[in-house]
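Content type mmCIF, C-alpha atoms, from the file target_5.cif:
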```
data_target
#
loop_
_atom_site.label_atom_id
_atom_site.label_comp_id
_atom_site.auth_asym_id
_atom_site.auth_seq_id
_atom_site.Cartn_x
_atom_site.Cartn_y
_atom_site.Cartn_z
CA MET V 1 118.81 108.81 82.93
CA LEU V 2 117.42 111.46 85.19
CA GLN V 3 119.18 111.74 88.50
CA ASP V 4 117.49 113.91 91.03
CA ASP V 5 119.72 115.39 93.68
CA CYS V 6 117.68 115.64 96.85
CA THR V 7 120.49 116.57 99.25
CA PRO V 8 119.69 119.88 100.99
CA THR V 9 122.30 122.56 100.37
CA HIS V 10 123.54 122.74 103.97
CA ILE V 11 124.61 119.08 103.86
CA ASP V 12 127.90 117.95 102.40
CA ARG V 13 126.91 115.66 99.57
CA THR V 14 129.92 113.36 99.89
CA ALA V 15 129.35 112.95 103.61
CA ARG V 16 125.73 112.00 102.99
CA GLN V 17 126.69 109.53 100.30
CA GLY V 18 129.12 108.02 102.83
CA TRP V 19 126.53 107.46 105.54
CA LEU V 20 123.87 106.29 103.09
CA ARG V 21 126.33 103.66 101.85
CA LEU V 22 127.18 102.51 105.37
CA LEU V 23 123.54 102.42 106.49
CA SER V 24 122.45 100.39 103.50
CA HIS V 25 125.20 97.80 104.03
CA ALA V 26 124.95 97.70 107.83
CA PRO V 27 123.91 94.48 109.57
CA LEU V 28 120.22 94.71 110.40
CA ASP V 29 120.61 93.58 114.02
CA LEU V 30 123.11 96.36 114.69
CA LEU V 31 120.74 98.99 113.23
CA GLU V 32 117.79 97.55 115.11
CA CYS V 33 119.69 97.62 118.38
CA GLU V 34 120.99 101.21 117.97
CA LEU V 35 118.12 102.88 116.11
CA GLY V 36 115.07 100.75 116.86
CA ALA V 37 114.00 103.02 119.70
CA LEU V 38 114.08 106.10 117.42
CA THR V 39 111.40 104.83 115.06
CA GLY V 40 107.81 105.38 116.09
CA PRO V 41 104.69 103.51 115.06
CA HIS V 42 103.58 106.31 112.74
CA PRO V 43 106.34 107.56 110.45
CA GLN V 44 105.07 109.97 107.78
CA TRP V 45 105.73 108.07 104.59
CA LEU V 46 106.56 110.06 101.51
CA ARG V 47 107.09 106.77 99.80
CA ARG V 48 106.14 103.59 101.60
CA PRO V 49 108.75 100.82 101.49
CA GLU V 50 108.56 99.20 98.10
CA ILE V 51 110.53 96.29 96.71
CA GLY V 52 111.75 96.41 93.14
CA LEU V 53 114.51 95.36 90.80
CA VAL V 54 117.53 97.37 89.77
CA MET V 55 119.74 96.39 86.85
CA VAL V 56 123.38 96.18 87.85
CA GLN V 57 125.85 96.99 85.13
CA GLY V 58 129.49 95.96 85.05
CA ARG V 59 132.59 96.46 82.93
CA ILE V 60 135.03 93.63 82.21
CA GLY V 61 138.23 94.51 84.02
CA GLY V 62 136.62 97.78 85.08
CA THR V 63 137.46 99.34 81.70
CA GLY V 64 135.43 97.55 79.01
CA ALA V 65 132.06 98.53 77.64
CA ARG V 66 129.14 98.39 80.06
CA PHE V 67 127.04 95.27 80.07
CA ASN V 68 124.04 94.21 82.12
CA LEU V 69 125.26 91.92 84.86
CA GLY V 70 121.87 91.07 86.31
CA GLU V 71 119.06 92.39 88.40
CA VAL V 72 119.17 92.76 92.16
CA THR V 73 116.32 93.22 94.59
CA VAL V 74 116.23 96.64 96.20
CA THR V 75 113.93 98.04 98.87
CA ARG V 76 113.48 101.79 99.01
CA CYS V 77 111.48 104.28 101.04
CA ALA V 78 111.33 107.95 101.97
CA LEU V 79 109.92 109.24 105.23
CA ARG V 80 109.68 111.95 107.83
CA THR V 81 110.22 110.69 111.36
CA ASP V 82 107.27 109.93 113.61
CA PRO V 83 106.48 113.32 115.21
CA GLY V 84 105.31 111.46 118.30
CA ARG V 85 108.85 110.20 118.78
CA ILE V 86 111.24 112.79 117.34
CA THR V 87 110.67 116.10 115.56
CA CYS V 88 112.96 116.32 112.56
CA ARG V 89 112.61 118.67 109.61
CA GLU V 90 114.41 116.60 107.02
CA VAL V 91 113.27 113.78 104.76
CA GLY V 92 115.19 110.52 105.06
CA VAL V 93 115.73 108.31 102.06
CA ALA V 94 117.00 104.75 101.86
CA TYR V 95 117.82 102.29 99.11
CA VAL V 96 118.79 98.93 100.57
CA LEU V 97 119.82 95.71 98.86
CA GLY V 98 117.41 92.88 99.56
CA ARG V 99 113.82 92.73 100.72
CA SER V 100 114.04 93.98 104.28
CA VAL V 101 111.41 96.67 104.75
CA ARG V 102 112.56 97.26 108.32
CA HIS V 103 116.15 97.83 107.20
CA ALA V 104 114.97 100.49 104.74
CA GLU V 105 112.89 102.20 107.43
CA LEU V 106 115.78 102.25 109.92
CA ALA V 107 118.26 103.51 107.34
CA ALA V 108 115.88 106.27 106.18
CA THR V 109 115.21 107.32 109.78
CA ALA V 110 118.94 107.57 110.44
CA ASP V 111 119.41 109.54 107.21
CA ALA V 112 116.73 112.05 108.25
CA LEU V 113 118.19 112.50 111.73
CA LEU V 114 121.75 112.87 110.44
CA GLN V 115 120.73 115.65 108.04
CA ASP V 116 119.15 117.87 110.68
CA PRO V 117 121.77 119.52 112.94
CA LEU V 118 119.23 119.57 115.78
CA THR V 119 118.71 115.82 115.77
CA ARG V 120 122.12 114.60 114.68
CA ASP V 121 123.19 113.80 118.24
CA ARG V 122 120.30 111.33 118.63
CA ILE V 123 122.31 108.94 116.49
CA PRO V 124 125.04 107.25 118.61
CA SER V 125 128.23 109.07 117.61
CA ASN V 126 130.20 105.91 117.00
CA LEU V 127 127.47 104.11 115.03
CA LEU V 128 128.88 104.82 111.58
CA ASP V 129 132.37 103.83 112.71
CA ARG V 130 131.05 100.59 114.15
CA ILE V 131 129.21 99.82 110.93
CA ALA V 132 132.38 100.50 108.94
CA ALA V 133 134.40 98.25 111.25
CA SER V 134 131.82 95.50 110.97
CA LEU V 135 131.82 95.76 107.17
CA ASP V 136 135.62 95.73 107.12
CA SER V 137 135.78 92.57 109.21
CA GLU V 138 133.12 90.89 107.03
CA HIS V 139 135.09 91.89 103.97
CA ALA V 140 138.38 90.60 105.45
CA LYS V 141 136.72 87.31 106.38
CA ARG V 142 135.38 86.86 102.88
CA ARG V 143 138.74 87.71 101.32
CA ALA V 144 140.43 85.16 103.54
CA GLN V 145 137.91 82.50 102.48
CA ILE V 146 138.49 83.27 98.84
CA ARG V 147 142.25 83.49 99.21
CA ALA V 148 142.28 79.91 100.50
CA THR V 149 141.02 78.71 97.13
CA ARG V 150 143.61 80.59 95.12
CA VAL V 151 145.47 78.56 92.52
CA GLU V 152 148.86 79.62 91.14
CA PHE V 153 149.48 78.43 87.61
CA PHE V 154 153.26 78.11 87.58
CA THR V 155 153.49 75.99 84.47
CA VAL V 156 151.18 77.86 82.13
CA ALA V 157 152.97 80.74 80.47
CA ARG V 158 150.67 82.75 78.27
CA GLU V 159 152.04 83.66 74.88
CA SER V 160 150.94 86.83 73.18
CA GLY V 161 148.23 86.19 70.62
CA ALA V 162 147.46 82.68 71.91
CA THR V 163 143.90 81.91 72.83
CA ASP V 164 143.11 81.22 76.48
CA ALA V 165 143.50 77.63 77.57
CA PRO V 166 140.31 76.22 79.09
CA MET E 1 120.02 108.51 77.43
CA SER E 2 121.29 111.88 78.57
CA GLU E 3 122.24 112.20 82.19
CA GLN E 4 120.89 115.14 84.03
CA THR E 5 121.08 116.18 87.63
CA LEU E 6 118.30 118.30 89.02
CA ASP E 7 117.89 119.69 92.48
CA LEU E 8 114.94 118.12 94.18
CA ASN E 9 113.97 119.73 97.45
CA LEU E 10 112.13 117.11 99.47
CA GLN E 11 111.43 119.34 102.47
CA GLU E 12 108.19 120.65 100.99
CA VAL E 13 107.09 117.41 99.36
CA GLY E 14 103.93 115.81 100.72
CA ALA E 15 102.87 112.19 100.60
CA ALA E 16 101.16 110.51 97.67
CA PHE E 17 98.19 108.10 97.87
CA SER E 18 98.33 105.95 100.99
CA ASP E 19 97.20 103.00 98.87
CA PRO E 20 98.81 103.64 95.47
CA VAL E 21 97.17 100.79 93.59
CA LEU E 22 93.53 101.23 94.61
CA SER E 23 93.65 105.02 94.60
CA SER E 24 95.28 105.17 91.16
CA GLN E 25 92.68 102.79 89.81
CA ALA E 26 89.85 104.86 91.29
CA VAL E 27 91.25 108.04 89.77
CA PHE E 28 91.79 106.34 86.42
CA ARG E 29 88.18 105.15 86.49
CA ALA E 30 87.00 108.69 87.15
CA ALA E 31 89.12 110.04 84.27
CA LEU E 32 87.75 107.33 81.99
CA ALA E 33 84.17 108.13 83.00
CA ALA E 34 84.77 111.85 82.52
CA LEU E 35 86.27 111.46 79.04
CA SER E 36 83.61 109.03 77.86
CA ARG E 37 80.82 111.32 79.11
CA PRO E 38 82.15 114.79 78.28
CA GLY E 39 80.74 117.52 80.51
CA ARG E 40 79.47 115.12 83.16
CA ILE E 41 81.06 115.98 86.51
CA GLN E 42 82.93 113.21 88.32
CA SER E 43 84.16 113.20 91.89
CA VAL E 44 87.76 112.20 92.64
CA PRO E 45 88.14 111.69 96.38
CA HIS E 46 91.66 110.76 97.47
CA ASP E 47 94.04 111.06 100.42
CA ALA E 48 97.23 112.39 98.80
CA GLN E 49 98.72 115.59 100.20
CA GLN E 50 98.65 117.86 97.19
CA PRO E 51 101.23 120.66 97.02
CA PRO E 52 100.15 124.28 97.60
CA GLY E 53 98.54 125.78 94.50
CA ALA E 54 97.23 122.42 93.30
CA THR E 55 93.56 121.52 93.02
CA PRO E 56 92.88 118.14 94.69
CA ALA E 57 91.34 116.58 91.58
CA ALA E 58 94.13 117.80 89.30
CA ALA E 59 96.83 116.56 91.67
CA ALA E 60 95.20 113.12 91.92
CA LEU E 61 94.80 112.88 88.15
CA LEU E 62 98.44 113.58 87.41
CA LEU E 63 99.64 111.38 90.25
CA ALA E 64 97.68 108.48 88.81
CA LEU E 65 98.35 109.07 85.10
CA LEU E 66 102.02 110.06 84.95
CA ASP E 67 105.02 107.76 84.80
CA PRO E 68 108.72 108.20 83.93
CA ASP E 69 107.94 108.08 80.19
CA CYS E 70 105.67 111.14 80.39
CA THR E 71 106.64 114.71 79.65
CA VAL E 72 104.76 117.42 81.51
CA TRP E 73 104.46 121.15 80.95
CA LEU E 74 103.64 123.28 83.99
CA ALA E 75 102.14 126.76 83.84
CA PRO E 76 104.49 129.40 85.34
CA ARG E 77 102.69 129.68 88.70
CA LEU E 78 102.75 125.91 89.26
CA ALA E 79 106.30 125.51 87.94
CA GLY E 80 107.54 128.08 90.44
CA GLY E 81 106.05 126.32 93.46
CA ALA E 82 106.47 122.96 95.14
CA VAL E 83 104.41 121.23 92.45
CA SER E 84 107.33 120.33 90.25
CA ALA E 85 109.33 118.59 93.01
CA TRP E 86 106.21 116.77 94.20
CA LEU E 87 105.36 115.48 90.72
CA ARG E 88 108.91 114.44 89.91
CA PHE E 89 109.43 112.67 93.21
CA HIS E 90 106.22 110.67 93.07
CA THR E 91 105.88 109.94 89.37
CA GLY E 92 109.38 110.33 87.92
CA CYS E 93 107.94 112.34 85.00
CA ARG E 94 110.02 114.81 83.01
CA ILE E 95 109.17 118.51 83.16
CA VAL E 96 109.55 120.30 79.83
CA SER E 97 109.54 124.02 79.07
CA GLN E 98 107.68 123.91 75.73
CA PRO E 99 103.93 123.14 75.72
CA ALA E 100 104.31 121.48 72.32
CA ALA E 101 106.82 118.95 73.74
CA ALA E 102 104.50 117.80 76.52
CA ARG E 103 102.18 114.80 76.66
CA PHE E 104 100.45 116.36 79.67
CA ALA E 105 100.00 119.97 80.72
CA TRP E 106 98.93 121.32 84.09
CA SER E 107 97.76 124.90 84.33
CA ASP E 108 95.48 127.31 86.10
CA ALA E 109 92.70 128.57 83.84
CA ASP E 110 94.09 132.13 83.80
CA GLN E 111 97.55 130.96 82.71
CA LEU E 112 96.43 128.57 80.00
CA PRO E 113 98.31 129.29 76.76
CA LEU E 114 96.56 129.18 73.38
CA LEU E 115 95.33 125.63 72.87
CA GLN E 116 97.06 125.53 69.48
CA GLN E 117 100.44 125.85 71.22
CA PHE E 118 100.16 122.33 72.63
CA ALA E 119 101.07 119.17 70.75
CA LEU E 120 98.08 118.47 68.51
CA GLY E 121 99.10 115.01 67.37
CA SER E 122 99.38 113.96 63.73
CA GLU E 123 96.96 112.33 61.34
CA PHE E 124 98.80 109.05 61.84
CA GLU E 125 99.23 109.37 65.60
CA PRO E 126 96.41 111.57 66.90
CA GLU E 127 96.86 110.04 70.36
CA ILE E 128 100.20 111.77 70.99
CA SER E 129 98.57 115.15 71.51
CA THR E 130 98.79 116.93 74.86
CA THR E 131 96.22 116.17 77.54
CA CYS E 132 95.58 119.41 79.43
CA VAL E 133 94.63 119.42 83.08
CA VAL E 134 93.16 122.83 83.79
CA GLN E 135 92.32 124.13 87.26
CA VAL E 136 89.17 126.23 87.16
CA LYS E 137 87.22 128.04 89.90
CA ALA E 138 84.00 126.06 89.67
CA LEU E 139 82.05 123.58 87.55
CA ASP E 140 78.29 123.32 87.26
CA GLU E 141 76.34 120.99 84.97
CA ARG E 142 72.96 122.67 85.49
CA CYS E 143 73.66 125.74 83.35
CA GLY E 144 76.17 127.29 80.96
CA TRP E 145 77.46 125.83 77.68
CA ARG E 146 75.53 123.30 75.66
CA LEU E 147 77.76 120.36 74.78
CA SER E 148 77.10 117.76 72.13
CA GLY E 149 79.02 114.96 70.49
CA PRO E 150 80.03 111.34 71.16
CA GLY E 151 79.24 110.24 74.72
CA ILE E 152 76.52 112.84 75.16
CA PRO E 153 72.91 111.71 74.71
CA GLY E 154 71.13 114.87 73.53
CA ARG E 155 72.59 117.90 75.23
CA GLN E 156 74.85 118.29 78.26
CA ARG E 157 75.12 121.60 80.10
CA LEU E 158 78.38 122.74 81.66
CA ALA E 159 79.29 126.05 83.25
CA VAL E 160 82.98 126.66 83.86
CA ALA E 161 84.09 129.59 86.02
CA GLY E 162 87.51 131.05 85.40
CA LEU E 163 88.24 130.31 81.73
CA GLY E 164 89.26 133.22 79.51
CA ALA E 165 86.85 134.76 77.00
CA GLY E 166 88.84 133.47 74.03
CA PHE E 167 88.50 129.84 75.05
CA LEU E 168 85.41 129.02 73.00
CA ALA E 169 86.95 130.21 69.73
CA GLN E 170 90.12 128.24 70.45
CA TRP E 171 88.04 125.20 71.32
CA GLN E 172 86.12 125.45 68.05
CA ALA E 173 89.43 125.47 66.14
CA ASN E 174 90.62 122.49 68.19
CA HIS E 175 87.35 120.63 67.55
CA ASN E 176 87.68 121.23 63.80
CA LEU E 177 91.11 119.54 63.76
CA PHE E 178 89.61 116.10 64.51
CA PRO E 179 91.12 113.44 64.61
CA ARG E 180 93.93 115.69 65.79
CA GLY E 181 93.51 118.04 68.75
CA ILE E 182 93.87 118.13 72.49
CA ASP E 183 91.62 116.85 75.25
CA VAL E 184 90.98 118.96 78.32
CA LEU E 185 90.24 117.86 81.87
CA LEU E 186 88.71 120.67 83.94
CA CYS E 187 89.27 120.39 87.68
CA ALA E 188 87.63 122.32 90.51
CA GLY E 189 88.10 121.16 94.09
CA GLN E 190 87.73 117.40 94.08
CA PHE E 191 85.57 117.42 90.95
CA LEU E 192 86.49 117.06 87.31
CA ALA E 193 84.79 117.20 83.94
CA ALA E 194 86.29 116.51 80.54
CA LEU E 195 86.10 118.13 77.15
CA ALA E 196 87.07 115.56 74.52
CA ARG E 197 88.28 116.85 71.15
CA THR E 198 85.06 115.45 69.68
CA THR E 199 82.89 117.64 71.90
CA ALA E 200 81.16 120.58 70.26
CA ILE E 201 80.41 123.55 72.48
CA GLU E 202 77.66 126.13 71.97
CA ALA E 203 77.71 129.14 74.25
#
```

Please express the file's structure as structure tokens.
Amino acid sequence: MLQDDCTPTHIDRTARQGWLRLLSHAPLDLLECELGALTGPHPQWLRRPEIGLVMVQGRIGGTGARFNLGEVTVTRCALRTDPGRITCREVGVAYVLGRSVRHAELAATADALLQDPLTRDRIPSNLLDRIAASLDSEHAKRRAQIRATRVEFFTVARESGATDAP
Amino acid sequence: MSEQTLDLNLQEVGAAFSDPVLSSQAVFRAALAALSRPGRIQSVPHDAQQPPGATPAAAALLLALLDPDCTVWLAPRLAGGAVSAWLRFHTGCRIVSQPAAARFAWSDADQLPLLQQFALGSEFEPEISTTCVVQVKALDERCGWRLSGPGIPGRQRLAVAGLGAGFLAQWQANHNLFPRGIDVLLCAGQFLAALARTTAIEA
């Protein structure tokens, strides 16, 4: 597998991975509200938004051998920001789960602006924190829903070597 | 699969075709026409932003033909510039350092290695030889060499500016290897002409 590293040297790679993760998981309406005004009608596409499939691999228990879990839909794009709106030297890249072309465009625009020290302050300073908070609350809500269905098997004691009961 | 991390500087990378499907098909059609009528000049108009040092026709050809399964050898001048990042970003191809390991080669005429250094294919798989995309100064089908062979009714003239003096002898050796041997696509500006391995050249 060839993995190209396209992070410019003046950017901390881990930091960029962090914001790319947040941007790709962020709720679309939040991105649209905070970043919508920063995208112009004519972004310079390096790669127009395209929808494809990515194979997700998993490991049983996190330790077993890799197996193919299934394919997920991913939208990706790469762009330079619309020079009519903002001048930014960097190329923004986005890979977003799902089929939302607009989400990919917004995430890539934010990525470009965050990489260039001259444009970084165009992104609301608390945006990434708000995305993280929103993801945390979503996550907590989902955990609570799942926890409600939890079943404790008090009576079934597993013996070593026995096969799993259905 | 071996995992490999390569630096890819996107700052210099330009855009590819604005309509990837139709443009790739048009370029493929031109390449097909060129290879089936060796020496006949084809035009390859396109709207991709080719990297500095690249001839428009050559850039369009490789953009349309390459995919992640392809290995590409770049001549030193092209390998040192923005060409490599541009190709890898848009096509996902693998750049190799040995001409003999490459399915495609991209070179300026003055940096073209001996043709026999490329992969020549085998008797069983003659199709796995290298396809060379060579950037030349100019092409003219009104004078120059006399070409003959499959795809050429009678004689076809072709003048190529920029190729080294030893090319004809190397081409003769390549031609004699049939069914093995390489095919060459000559590019100047937005024009291209092909030399298939079956094409015989008289000076």

Centre, edges in Å (one decimal): axis-aligned box, stretch 87-90 of chain E, 4 Å padding on all six sides, as lines of an AutoDock Vina configuration file:
```
center_x = 107.4
center_y = 113.1
center_z = 91.6
size_x = 12.1
size_y = 12.8
size_z = 11.3
```

Per residue of chain E within 12 Å of chain V, note the shortest atom pair and the distance in Å to one decimal, counting all atoms listed in the file, and order the rows by chain and increasing residue number, as a Markdown table.
```
| residue | atom | partner | partner_atom | distance |
| --- | --- | --- | --- | --- |
| E:Met1 | CA | V:Met1 | CA | 5.6 |
| E:Ser2 | CA | V:Met1 | CA | 5.9 |
| E:Glu3 | CA | V:Met1 | CA | 4.9 |
| E:Gln4 | CA | V:Leu2 | CA | 5.2 |
| E:Thr5 | CA | V:Gln3 | CA | 4.9 |
| E:Leu6 | CA | V:Asp4 | CA | 4.9 |
| E:Asp7 | CA | V:Asp5 | CA | 4.8 |
| E:Leu8 | CA | V:Cys6 | CA | 4.6 |
| E:Asn9 | CA | V:Cys6 | CA | 5.6 |
| E:Leu10 | CA | V:Cys6 | CA | 6.3 |
| E:Gln11 | CA | V:Glu90 | CA | 6.1 |
| E:Glu12 | CA | V:Val91 | CA | 9.3 |
| E:Val13 | CA | V:Leu46 | CA | 7.7 |
| E:Gly14 | CA | V:Leu46 | CA | 6.4 |
| E:Ala15 | CA | V:Leu46 | CA | 4.4 |
| E:Ala16 | CA | V:Leu46 | CA | 6.6 |
| E:Phe17 | CA | V:Arg47 | CA | 9.2 |
| E:Ser18 | CA | V:Arg48 | CA | 8.2 |
| E:Asp19 | CA | V:Arg48 | CA | 9.4 |
| E:Pro20 | CA | V:Arg48 | CA | 9.6 |
| E:Ala48 | CA | V:Leu46 | CA | 10.0 |
| E:Gln49 | CA | V:Leu46 | CA | 9.7 |
| E:Gln50 | CA | V:Leu46 | CA | 11.9 |
| E:Pro68 | CA | V:Leu2 | CA | 9.4 |
| E:Asp69 | CA | V:Met1 | CA | 11.2 |
| E:Ala85 | CA | V:Asp4 | CA | 9.6 |
| E:Trp86 | CA | V:Leu46 | CA | 9.9 |
| E:Arg88 | CA | V:Asp4 | CA | 8.7 |
| E:Phe89 | CA | V:Asp4 | CA | 8.4 |
| E:His90 | CA | V:Arg47 | CA | 7.8 |
| E:Thr91 | CA | V:Arg47 | CA | 11.0 |
| E:Gly92 | CA | V:Leu2 | CA | 8.6 |
| E:Cys93 | CA | V:Leu2 | CA | 9.5 |
| E:Arg94 | CA | V:Leu2 | CA | 8.4 |
| E:Ile95 | CA | V:Leu2 | CA | 11.0 |
```

### Message
Can you tell me which residues surround E:Ala100 at a distance of at most 9 Å, considering all atoms listed in the file, apart from same-chain residues fewer than 6 positions away, and format the answer as a PyMOL selection string?
### Response
chain E and resi 73+116-120+129-130

#### Entry: Resolved residues for the PyMOL selection byres ((chain V and resi 109) around 8) as a VMD selection string
chain V and resid 38 to 39 79 to 81 92 to 93 105 to 108 110 to 113

### Task
Using only C-alpha atoms, determine which residues lie at most 10 Å from V:His10, disregarding the query and same-chain residues fewer than 5 positions distant; provide the list as number ranges by chain.
V: 115-117

### Message
What would the selection look like, as a list in words, if the PyMOL selection byres ((chain E and resi 25) around 12) were run on the coordinates I just shared?
### Response
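Checking the PyMOL selection byres ((chain E and resi 25) around 12) against this file, the residues are Phe17, Asp19, Pro20, Val21, Leu22, Ser23, Ser24, Ala26, Val27, Phe28, Arg29, Ala30, Ala31, Leu32, Val44, Pro45, His46, Ala60, Leu61, Leu63, Ala64 and Leu65 of chain E.
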
#### Entry: Local residues around (100.9, 114.6, 63.3), at most 12 Å away, using all atoms listed in the file, as a VMD selection string
chain E and resid 100 119 to 130 177 to 181

### Query
Which residue gives the smallest distance to E:Leu163 among E:Leu35, E:Ala203, E:Leu192, E:Ala109, with all atoms listed in the file counted?
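Selected residue with least distance to E:Leu163: E:Ala109.
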
### Query
Just so the selection is clear, what residues does the PyMOL selection byres ((chain E and resi 132) around 10) cover here, as a ChimeraX atom specification?
/E:72-73,99,102-107,112,115,118,129-131,133-135,182-186,194-195

### Message
I want to know what sits within 9 Å of V:Gly70, based on only C-alpha atoms, with residues of the same chain fewer than 4 positions away left out; could you give that as a list in words?
### Response
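Residues near the query, excluding close chain neighbours: Val54, Met55, Val56 and Gln57 of chain V.
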
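Between E:Ser43 and the candidates E:Ala173, E:Ala200, E:Ala188, E:Ala165, the tightest atom-to-atom separation, counting only C-alpha atoms, involves E:Ala188.
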
### Task
Using all atoms listed in the file, determine which residues lie at most 8 Å from stretch 20-29 of chain V, disregarding the query and same-chain residues fewer than 2 positions distant; provide the list as a ChimeraX atom specification.
/V:16-18,31-33,94-97,103-104,107,110-111,128,131-132,134-135

### Message
Between atom CA of E:Asn176 and atom CA of E:Pro76, what is the distance in Å, rounded to a tenth?
### Response
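The value is 28.5 Å.
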
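Taking atom CA of V:Ser125 as the reference point, atom CA of V:Leu30 is found at 14.0 Å.
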
### Query
What does the distance between atom CA of E:Ala59 and atom CA of E:Leu74 come to in Å, to one decimal place?
12.3 Å
